[in-house]
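*Asks:* Below is the file structure-v8.pdb, with PDB, C-alpha atoms, pLDDT in the B column.
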ATOM      1  CA  MET A   1       0.000   0.000   0.000  1.00 68.00           C
ATOM      2  CA  ARG A   2       1.602   3.187  -1.158  1.00 76.00           C
ATOM      3  CA  LEU A   3       0.628   6.178   0.883  1.00 81.00           C
ATOM      4  CA  PRO A   4       1.310   9.751  -0.163  1.00 81.00           C
ATOM      5  CA  GLU A   5       4.352  11.228   1.552  1.00 86.00           C
ATOM      6  CA  LYS A   6       2.318  13.975   3.219  1.00 85.00           C
ATOM      7  CA  LEU A   7      -0.109  11.410   4.629  1.00 87.00           C
ATOM      8  CA  VAL A   8       2.803   9.383   6.043  1.00 92.00           C
ATOM      9  CA  GLU A   9       4.252  12.555   7.581  1.00 92.00           C
ATOM     10  CA  ARG A  10       0.860  13.387   9.051  1.00 90.00           C
ATOM     11  CA  ILE A  11       0.644   9.862  10.521  1.00 93.00           C
ATOM     12  CA  ALA A  12       4.123  10.207  12.075  1.00 95.00           C
ATOM     13  CA  ASP A  13       3.214  13.603  13.524  1.00 95.00           C
ATOM     14  CA  ARG A  14      -0.024  12.226  14.919  1.00 93.00           C
ATOM     15  CA  ILE A  15       1.762   9.257  16.541  1.00 95.00           C
ATOM     16  CA  ILE A  16       4.150  11.673  18.258  1.00 95.00           C
ATOM     17  CA  LYS A  17       1.323  13.992  19.281  1.00 94.00           C
ATOM     18  CA  GLU A  18      -0.904  11.223  20.668  1.00 93.00           C
ATOM     19  CA  LEU A  19       1.724   9.004  22.314  1.00 94.00           C
ATOM     20  CA  TYR A  20       4.144  11.656  23.517  1.00 94.00           C
ATOM     21  CA  GLU A  21       2.609  15.099  23.760  1.00 91.00           C
ATOM     22  CA  LYS A  22      -0.972  14.178  24.656  1.00 91.00           C
ATOM     23  CA  GLU A  23      -0.950  10.797  26.425  1.00 88.00           C
ATOM     24  CA  ARG A  24       2.672  10.649  27.679  1.00 91.00           C
ATOM     25  CA  ILE A  25       2.776   6.925  26.893  1.00 94.00           C
ATOM     26  CA  ILE A  26       6.282   7.277  25.479  1.00 94.00           C
ATOM     27  CA  GLU A  27       8.993   9.917  25.581  1.00 94.00           C
ATOM     28  CA  PRO A  28      11.486   9.962  22.723  1.00 95.00           C
ATOM     29  CA  GLU A  29      14.777  11.673  23.526  1.00 95.00           C
ATOM     30  CA  ASP A  30      14.715  13.367  20.106  1.00 95.00           C
ATOM     31  CA  PRO A  31      11.204  13.621  18.578  1.00 94.00           C
ATOM     32  CA  TYR A  32      12.605  14.684  15.193  1.00 95.00           C
ATOM     33  CA  THR A  33      14.762  11.553  14.889  1.00 96.00           C
ATOM     34  CA  PHE A  34      11.887   9.446  16.196  1.00 96.00           C
ATOM     35  CA  ARG A  35       9.618  10.909  13.488  1.00 96.00           C
ATOM     36  CA  LYS A  36      12.202  10.085  10.819  1.00 97.00           C
ATOM     37  CA  ARG A  37      12.345   6.482  12.045  1.00 97.00           C
ATOM     38  CA  ILE A  38       8.557   6.140  11.798  1.00 97.00           C
ATOM     39  CA  ILE A  39       8.639   7.496   8.244  1.00 97.00           C
ATOM     40  CA  ALA A  40      11.490   5.077   7.427  1.00 97.00           C
ATOM     41  CA  ILE A  41       9.272   2.140   8.454  1.00 97.00           C
ATOM     42  CA  PHE A  42       6.641   3.269   5.944  1.00 95.00           C
ATOM     43  CA  LYS A  43       9.276   3.695   3.237  1.00 96.00           C
ATOM     44  CA  GLU A  44      10.629   0.208   3.945  1.00 96.00           C
ATOM     45  CA  ALA A  45       7.107  -1.229   3.643  1.00 95.00           C
ATOM     46  CA  GLU A  46       6.591   0.667   0.390  1.00 94.00           C
ATOM     47  CA  GLU A  47       9.865  -0.712  -0.993  1.00 95.00           C
ATOM     48  CA  GLU A  48       8.762  -4.247  -0.084  1.00 95.00           C
ATOM     49  CA  GLU A  49       5.537  -3.717  -2.015  1.00 94.00           C
ATOM     50  CA  ARG A  50       7.382  -2.239  -4.982  1.00 94.00           C
ATOM     51  CA  LEU A  51       9.586  -5.355  -5.094  1.00 95.00           C
ATOM     52  CA  LEU A  52       6.479  -7.536  -4.829  1.00 95.00           C
ATOM     53  CA  ASP A  53       4.909  -5.781  -7.826  1.00 93.00           C
ATOM     54  CA  GLU A  54       8.162  -5.964  -9.772  1.00 94.00           C
ATOM     55  CA  LYS A  55       8.506  -9.722  -9.158  1.00 95.00           C
ATOM     56  CA  THR A  56       4.847 -10.247 -10.091  1.00 93.00           C
ATOM     57  CA  LYS A  57       5.313  -8.435 -13.399  1.00 91.00           C
ATOM     58  CA  GLU A  58       8.527 -10.396 -14.094  1.00 92.00           C
ATOM     59  CA  ILE A  59       6.763 -13.716 -13.576  1.00 90.00           C
ATOM     60  CA  LEU A  60       3.835 -12.704 -15.765  1.00 88.00           C
ATOM     61  CA  LYS A  61       6.181 -11.478 -18.476  1.00 86.00           C
ATOM     62  CA  GLU A  62       7.946 -14.855 -18.453  1.00 86.00           C
ATOM     63  CA  LYS A  63       4.608 -16.691 -18.615  1.00 81.00           C
ATOM     64  CA  LEU A  64       2.912 -14.470 -21.196  1.00 79.00           C
ATOM     65  CA  ASP A  65       2.617 -17.363 -23.661  1.00 78.00           C
ATOM     66  CA  LEU A  66       0.866 -19.474 -21.052  1.00 77.00           C
ATOM     67  CA  LEU A  67      -1.584 -16.631 -20.344  1.00 72.00           C
ATOM     68  CA  GLU A  68      -2.457 -16.410 -24.021  1.00 75.00           C
ATOM     69  CA  GLU A  69      -2.826 -20.198 -24.382  1.00 79.00           C
ATOM     70  CA  THR A  70      -5.184 -20.510 -21.415  1.00 80.00           C
ATOM     71  CA  SER A  71      -7.127 -17.311 -22.181  1.00 75.00           C
ATOM     72  CA  LEU A  72      -6.548 -16.190 -18.628  1.00 76.00           C
ATOM     73  CA  ASP A  73      -6.924 -12.439 -18.354  1.00 79.00           C
ATOM     74  CA  TYR A  74      -3.957 -10.406 -17.142  1.00 79.00           C
ATOM     75  CA  ARG A  75      -5.801  -8.919 -14.160  1.00 78.00           C
ATOM     76  CA  THR A  76      -6.755 -12.299 -12.701  1.00 83.00           C
ATOM     77  CA  ALA A  77      -3.275 -13.696 -13.280  1.00 85.00           C
ATOM     78  CA  TYR A  78      -1.692 -10.599 -11.734  1.00 87.00           C
ATOM     79  CA  LYS A  79      -3.807 -10.818  -8.593  1.00 88.00           C
ATOM     80  CA  THR A  80      -3.190 -14.551  -8.205  1.00 89.00           C
ATOM     81  CA  VAL A  81       0.580 -14.345  -8.677  1.00 91.00           C
ATOM     82  CA  ARG A  82       0.867 -11.250  -6.481  1.00 93.00           C
ATOM     83  CA  SER A  83      -1.143 -12.901  -3.721  1.00 94.00           C
ATOM     84  CA  LYS A  84       1.047 -16.014  -3.763  1.00 94.00           C
ATOM     85  CA  LEU A  85       4.278 -13.977  -3.769  1.00 95.00           C
ATOM     86  CA  ALA A  86       2.983 -11.748  -0.969  1.00 95.00           C
ATOM     87  CA  GLU A  87       2.327 -14.808   1.145  1.00 95.00           C
ATOM     88  CA  GLU A  88       5.861 -16.076   0.506  1.00 95.00           C
ATOM     89  CA  MET A  89       7.361 -12.664   1.318  1.00 94.00           C
ATOM     90  CA  ASN A  90       5.138 -12.213   4.430  1.00 94.00           C
ATOM     91  CA  ILE A  91       3.531  -9.050   3.069  1.00 94.00           C
ATOM     92  CA  HIS A  92      -0.128  -8.530   3.873  1.00 94.00           C
ATOM     93  CA  THR A  93      -1.974  -7.195   0.848  1.00 90.00           C
ATOM     94  CA  SER A  94      -5.140  -6.079   2.604  1.00 88.00           C
ATOM     95  CA  ARG A  95      -4.819  -2.397   3.555  1.00 86.00           C
ATOM     96  CA  ARG A  96      -5.998  -3.000   7.090  1.00 87.00           C
ATOM     97  CA  GLU A  97      -3.767  -6.011   7.650  1.00 92.00           C
ATOM     98  CA  ARG A  98      -0.812  -4.165   6.129  1.00 92.00           C
ATOM     99  CA  MET A  99      -1.342  -1.244   8.501  1.00 91.00           C
ATOM    100  CA  ASN A 100      -1.584  -3.704  11.371  1.00 92.00           C
ATOM    101  CA  GLN A 101       1.762  -5.139  10.250  1.00 94.00           C
ATOM    102  CA  ILE A 102       3.250  -1.623  10.159  1.00 95.00           C
ATOM    103  CA  ALA A 103       1.792  -0.869  13.615  1.00 95.00           C
ATOM    104  CA  HIS A 104       3.681  -3.913  14.931  1.00 95.00           C
ATOM    105  CA  ARG A 105       6.899  -2.655  13.339  1.00 96.00           C
ATOM    106  CA  ILE A 106       6.492   0.801  14.866  1.00 96.00           C
ATOM    107  CA  ARG A 107       5.738  -0.725  18.255  1.00 96.00           C
ATOM    108  CA  ASP A 108       8.800  -2.976  17.955  1.00 96.00           C
ATOM    109  CA  MET A 109      10.953   0.004  17.005  1.00 96.00           C
ATOM    110  CA  ILE A 110       9.700   1.875  20.086  1.00 95.00           C
ATOM    111  CA  MET A 111      10.277  -1.090  22.370  1.00 95.00           C
ATOM    112  CA  GLU A 112      13.825  -1.664  21.082  1.00 95.00           C
ATOM    113  CA  ASP A 113      14.926   1.973  20.977  1.00 94.00           C
ATOM    114  CA  PRO A 114      17.040   2.919  24.022  1.00 95.00           C
ATOM    115  CA  GLN A 115      16.347   6.594  23.197  1.00 94.00           C
ATOM    116  CA  VAL A 116      12.618   6.171  23.971  1.00 94.00           C
ATOM    117  CA  GLU A 117      11.250   6.029  27.500  1.00 94.00           C
ATOM    118  CA  ILE A 118       8.202   3.767  27.705  1.00 94.00           C
ATOM    119  CA  TYR A 119       5.476   4.332  30.295  1.00 93.00           C
ATOM    120  CA  GLU A 120       2.865   1.841  29.136  1.00 92.00           C
ATOM    121  CA  GLU A 121       2.492  -1.798  28.097  1.00 93.00           C
ATOM    122  CA  PRO A 122       3.388  -2.729  24.479  1.00 93.00           C
ATOM    123  CA  ILE A 123      -0.221  -3.697  23.686  1.00 93.00           C
ATOM    124  CA  VAL A 124      -1.470  -0.240  24.686  1.00 93.00           C
ATOM    125  CA  ILE A 125       1.186   1.386  22.501  1.00 94.00           C
ATOM    126  CA  ARG A 126       0.340  -0.843  19.539  1.00 93.00           C
ATOM    127  CA  ASN A 127      -3.391  -0.225  19.922  1.00 94.00           C
ATOM    128  CA  LYS A 128      -2.904   3.554  19.926  1.00 94.00           C
ATOM    129  CA  ILE A 129      -0.682   3.320  16.844  1.00 95.00           C
ATOM    130  CA  ARG A 130      -3.145   0.978  15.147  1.00 94.00           C
ATOM    131  CA  GLU A 131      -6.018   3.392  15.825  1.00 94.00           C
ATOM    132  CA  ILE A 132      -4.095   6.231  14.156  1.00 94.00           C
ATOM    133  CA  LEU A 133      -3.154   4.024  11.200  1.00 93.00           C
ATOM    134  CA  MET A 134      -6.721   2.799  10.712  1.00 93.00           C
ATOM    135  CA  GLU A 135      -7.926   6.395  10.410  1.00 91.00           C
ATOM    136  CA  ALA A 136      -5.334   6.904   7.676  1.00 89.00           C
ATOM    137  CA  VAL A 137      -6.511   3.694   5.974  1.00 87.00           C
ATOM    138  CA  ARG A 138     -10.083   4.968   5.956  1.00 90.00           C
ATOM    139  CA  GLU A 139      -8.959   8.202   4.316  1.00 87.00           C
ATOM    140  CA  GLU A 140      -6.860   6.322   1.746  1.00 86.00           C
ATOM    141  CA  GLU A 141      -9.761   3.939   1.031  1.00 88.00           C
ATOM    142  CA  GLU A 142     -12.038   6.914   0.353  1.00 91.00           C
ATOM    143  CA  ILE A 143      -9.521   8.268  -2.156  1.00 91.00           C
ATOM    144  CA  ASP A 144      -9.085   4.836  -3.777  1.00 91.00           C
ATOM    145  CA  LYS A 145     -12.853   4.354  -4.045  1.00 93.00           C
ATOM    146  CA  GLU A 146     -13.256   7.775  -5.636  1.00 93.00           C
ATOM    147  CA  VAL A 147     -10.497   7.017  -8.191  1.00 93.00           C
ATOM    148  CA  ARG A 148     -11.893   3.587  -9.092  1.00 93.00           C
ATOM    149  CA  GLU A 149     -15.398   5.014  -9.533  1.00 93.00           C
ATOM    150  CA  ARG A 150     -14.069   7.663 -11.899  1.00 93.00           C
ATOM    151  CA  ILE A 151     -12.221   5.030 -13.955  1.00 92.00           C
ATOM    152  CA  ARG A 152     -15.370   2.837 -14.095  1.00 91.00           C
ATOM    153  CA  SER A 153     -17.383   5.822 -15.299  1.00 92.00           C
ATOM    154  CA  TYR A 154     -15.323   6.019 -18.504  1.00 89.00           C
ATOM    155  CA  SER A 155     -17.197   4.871 -21.591  1.00 86.00           C
ATOM    156  CA  LYS A 156     -14.264   2.668 -22.608  1.00 88.00           C
ATOM    157  CA  ARG A 157     -13.767  -0.373 -20.354  1.00 87.00           C
ATOM    158  CA  ILE A 158     -10.216  -0.289 -18.972  1.00 88.00           C
ATOM    159  CA  VAL A 159      -8.930  -3.503 -17.393  1.00 83.00           C
ATOM    160  CA  GLU A 160      -7.342  -3.132 -13.964  1.00 82.00           C
ATOM    161  CA  GLY A 161      -3.645  -3.984 -13.845  1.00 75.00           C
ATOM    162  CA  THR A 162      -2.955  -3.016 -17.434  1.00 82.00           C
ATOM    163  CA  PRO A 163      -0.470  -0.208 -18.108  1.00 86.00           C
ATOM    164  CA  GLU A 164      -3.320   2.018 -19.326  1.00 90.00           C
ATOM    165  CA  TRP A 165      -5.328   1.432 -16.140  1.00 89.00           C
ATOM    166  CA  ASN A 166      -2.267   1.993 -13.927  1.00 88.00           C
ATOM    167  CA  HIS A 167      -1.438   5.254 -15.683  1.00 92.00           C
ATOM    168  CA  LEU A 168      -5.007   6.510 -15.426  1.00 92.00           C
ATOM    169  CA  TYR A 169      -5.275   5.441 -11.773  1.00 92.00           C
ATOM    170  CA  LYS A 170      -2.067   7.276 -10.899  1.00 91.00           C
ATOM    171  CA  ARG A 171      -3.180  10.473 -12.643  1.00 93.00           C
ATOM    172  CA  ILE A 172      -6.638  10.535 -11.054  1.00 93.00           C
ATOM    173  CA  TYR A 173      -5.198   9.528  -7.653  1.00 91.00           C
ATOM    174  CA  GLU A 174      -2.776  12.464  -7.781  1.00 90.00           C
ATOM    175  CA  ASP A 175      -5.652  14.810  -8.619  1.00 92.00           C
ATOM    176  CA  ALA A 176      -7.612  13.514  -5.627  1.00 91.00           C
ATOM    177  CA  LEU A 177      -4.561  14.019  -3.374  1.00 88.00           C
ATOM    178  CA  LYS A 178      -4.144  17.589  -4.599  1.00 88.00           C
ATOM    179  CA  ARG A 179      -7.784  18.352  -3.793  1.00 90.00           C
ATOM    180  CA  ARG A 180      -7.228  17.074  -0.235  1.00 85.00           C
ATOM    181  CA  GLY A 181      -3.956  18.955   0.186  1.00 83.00           C
ATOM    182  CA  LEU A 182      -1.871  15.784   0.380  1.00 79.00           C
ATOM    183  CA  LEU A 183       0.286  16.435  -2.681  1.00 75.00           C
TER     184      LEU A 183
END
Can the structure in the file be given as structure tokens, please?

*Replies:*
Amino acid sequence: MRLPEKLVERIADRIIKELYEKERIIEPEDPYTFRKRIIAIFKEAEEEERLLDEKTKEILKEKLDLLEETSLDYRTAYKTVRSKLAEEMNIHTSRRERMNQIAHRIRDMIMEDPQVEIYEEPIVIRNKIREILMEAVREEEEIDKEVRERIRSYSKRIVEGTPEWNHLYKRIYEDALKRRGLL
């Protein structure tokens, strides 16, 4: 799940505000460095997903003849291969599950960081982080739904996963982000 940079920054700021400034659940020695580490976790997750997509496309490119022989459409094949690879790479593909996975990583980073004082149990920290991340997921899902509806409204049927669909999705997604002040 690729989140806009400004949304990731807003999530990091909110985690610091809620856990440190408001609730005093944690106390990072240097909030700026702590914020950068949270953002780095999101970037690492994004890189994992980029590699997943790249490997999926590689496999489908190698098996293009088989796709044509079996009349299997690209979209179905893409989803199937991506799902199998994601399982092998331990990457959750559901937005909510992926955010849960990221919440665990942020919690683990907090628990392992000697520069962060911890005043609450790990489960409380993870739940607060998860709550913040789920709000971001809801916002991202609204944007995604809006983009997909606009693509479906086109008179020409555009198949998801094709280069044309991906290009159109990206363009409309960026427009939606601009309208919300996230780009």

*Asks:* Which residues, written as a compact mmCIF listing (two decimals) with C-alpha atoms, in the coordinates of the input, have at least one atom at most 7 Å from stretch 68-78 of chain A, with only C-alpha atoms counted and residues fewer than 4 positions away on the same chain left out?

*Replies:*
# COMPACT_ATOMS: atom_id res chain seq x y z
CA THR A 56 4.85 -10.25 -10.09
CA LEU A 64 2.91 -14.47 -21.20
CA ARG A 82 0.87 -11.25 -6.48
CA GLU A 160 -7.34 -3.13 -13.96
CA GLY A 161 -3.64 -3.98 -13.84

*Asks:* Would you mind reading off the distance between atom CA of A:Ile25 and atom CA of A:Phe42, one decimal, in Å?

*Replies:*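 Atom CA of A:Ile25 sits 21.6 Å away from atom CA of A:Phe42.
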
*Asks:* Could you spell out the hits of the PyMOL selection byres ((chain A and resi 3) around 12) on the shown file, as a compact mmCIF listing (two decimals) with C-alpha atoms, keeping the file's coordinate frame?

*Replies:*
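Written out: selection_14.txt:
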# COMPACT_ATOMS: atom_id res chain seq x y z
CA MET A 1 0.00 0.00 0.00
CA ARG A 2 1.60 3.19 -1.16
CA PRO A 4 1.31 9.75 -0.16
CA GLU A 5 4.35 11.23 1.55
CA LYS A 6 2.32 13.98 3.22
CA LEU A 7 -0.11 11.41 4.63
CA VAL A 8 2.80 9.38 6.04
CA GLU A 9 4.25 12.56 7.58
CA ARG A 10 0.86 13.39 9.05
CA ILE A 11 0.64 9.86 10.52
CA ILE A 39 8.64 7.50 8.24
CA PHE A 42 6.64 3.27 5.94
CA LYS A 43 9.28 3.70 3.24
CA ALA A 45 7.11 -1.23 3.64
CA GLU A 46 6.59 0.67 0.39
CA GLU A 47 9.86 -0.71 -0.99
CA GLU A 49 5.54 -3.72 -2.02
CA ARG A 95 -4.82 -2.40 3.56
CA ARG A 98 -0.81 -4.16 6.13
CA MET A 99 -1.34 -1.24 8.50
CA LEU A 133 -3.15 4.02 11.20
CA ALA A 136 -5.33 6.90 7.68
CA VAL A 137 -6.51 3.69 5.97
CA ARG A 138 -10.08 4.97 5.96
CA GLU A 139 -8.96 8.20 4.32
CA GLU A 140 -6.86 6.32 1.75
CA GLU A 141 -9.76 3.94 1.03
CA ILE A 143 -9.52 8.27 -2.16
CA ASP A 144 -9.09 4.84 -3.78
CA TYR A 173 -5.20 9.53 -7.65
CA GLU A 174 -2.78 12.46 -7.78
CA LEU A 177 -4.56 14.02 -3.37
CA LEU A 182 -1.87 15.78 0.38
CA LEU A 183 0.29 16.43 -2.68

*Asks:* Using the chain letters and residue numbers of this document, give as a list of chain:residue names the residues selected by the PyMOL selection byres ((chain A and resi 91) around 9).

*Replies:*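 Listing what the PyMOL selection byres ((chain A and resi 91) around 9) selects in the shown file: A:Ala45, A:Glu48, A:Glu49, A:Leu52, A:Leu85, A:Ala86, A:Glu87, A:Glu88, A:Met89, A:Asn90, A:His92, A:Thr93, A:Arg98, A:Gln101.
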
*Asks:* Which residue is closest to A:Asp53? Choose from A:Lys84, A:Arg35, A:Lys156, A:Arg130 and count only C-alpha atoms.

*Replies:* A:Lys84

*Asks:* At a cut-off of 12 Å, using all atoms listed in the file, what residues contact A:Glu18? Leave out same-chain residues fewer than 6 positions from it and give the result as a PyMOL selection string.

*Replies:* chain A and resi 10-12+24-27+125+127-132

*Asks:* What separation in Å, quoted to one decimal, exists between atom CA of A:Arg50 and atom CA of A:Arg96?

*Replies:* 18.0 Å

*Asks:* Could you state the separation of atom CA of A:Lys36 and atom CA of A:Glu23 in Å, given to one decimal place?

*Replies:*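 Spanning atom CA of A:Lys36 to atom CA of A:Glu23 is a straight-line distance of 20.4 Å.
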
*Asks:* List every protein, DNA or RNA residue with an atom no more than 12 Å from (9.8, 16.4, 20.2) in the file's coordinates, counting all atoms listed in the file, and format the result as a PyMOL selection string.

*Replies:* chain A and resi 12-22+24+26-36+116

*Asks:* Residues of the last selection are to be written out with C-alpha atoms, as a short mmCIF file (atom, residue, chain, number, x, y, z; two decimals), in the frame of the given file.

*Replies:*
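Final file, out-v2.cif:
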data_model
loop_
_atom_site.label_atom_id
_atom_site.label_comp_id
_atom_site.auth_asym_id
_atom_site.auth_seq_id
_atom_site.Cartn_x
_atom_site.Cartn_y
_atom_site.Cartn_z
CA ALA A 12 4.12 10.21 12.08
CA ASP A 13 3.21 13.60 13.52
CA ARG A 14 -0.02 12.23 14.92
CA ILE A 15 1.76 9.26 16.54
CA ILE A 16 4.15 11.67 18.26
CA LYS A 17 1.32 13.99 19.28
CA GLU A 18 -0.90 11.22 20.67
CA LEU A 19 1.72 9.00 22.31
CA TYR A 20 4.14 11.66 23.52
CA GLU A 21 2.61 15.10 23.76
CA LYS A 22 -0.97 14.18 24.66
CA ARG A 24 2.67 10.65 27.68
CA ILE A 26 6.28 7.28 25.48
CA GLU A 27 8.99 9.92 25.58
CA PRO A 28 11.49 9.96 22.72
CA GLU A 29 14.78 11.67 23.53
CA ASP A 30 14.72 13.37 20.11
CA PRO A 31 11.20 13.62 18.58
CA TYR A 32 12.60 14.68 15.19
CA THR A 33 14.76 11.55 14.89
CA PHE A 34 11.89 9.45 16.20
CA ARG A 35 9.62 10.91 13.49
CA LYS A 36 12.20 10.09 10.82
CA VAL A 116 12.62 6.17 23.97
#

*Asks:* Considering all atoms listed in the file, can you say which of A:Arg171, A:Ile41, A:Ala176, A:Ile118 comes closest to A:Ala103?

*Replies:*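 Using all atoms listed in the file, A:Ala103 sits closest to A:Ile41.
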
*Asks:* Between A:Glu112, A:Glu44, A:Glu142, A:Asp65, which residue has the minimum interatomic distance to A:Arg180, considering all atoms listed in the file?

*Replies:*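 Nearest candidate to A:Arg180 out of A:Glu112, A:Glu44, A:Glu142, A:Asp65: A:Glu142.
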
*Asks:* From the set A:Val81, A:Met109, A:Val124, A:Ile158, which residue has the shortest atom-to-atom contact distance to A:Arg37, counting only C-alpha atoms?

*Replies:*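 Looking at the shortest contact to A:Arg37, the residue is A:Met109.
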
*Asks:* Pick the closest to A:Asp108 from A:Arg126, A:Arg152, A:Met134, A:Glu120: which is it, counting all atoms listed in the file?

*Replies:*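 The shortest atom-to-atom distance to A:Asp108 comes from A:Arg126.
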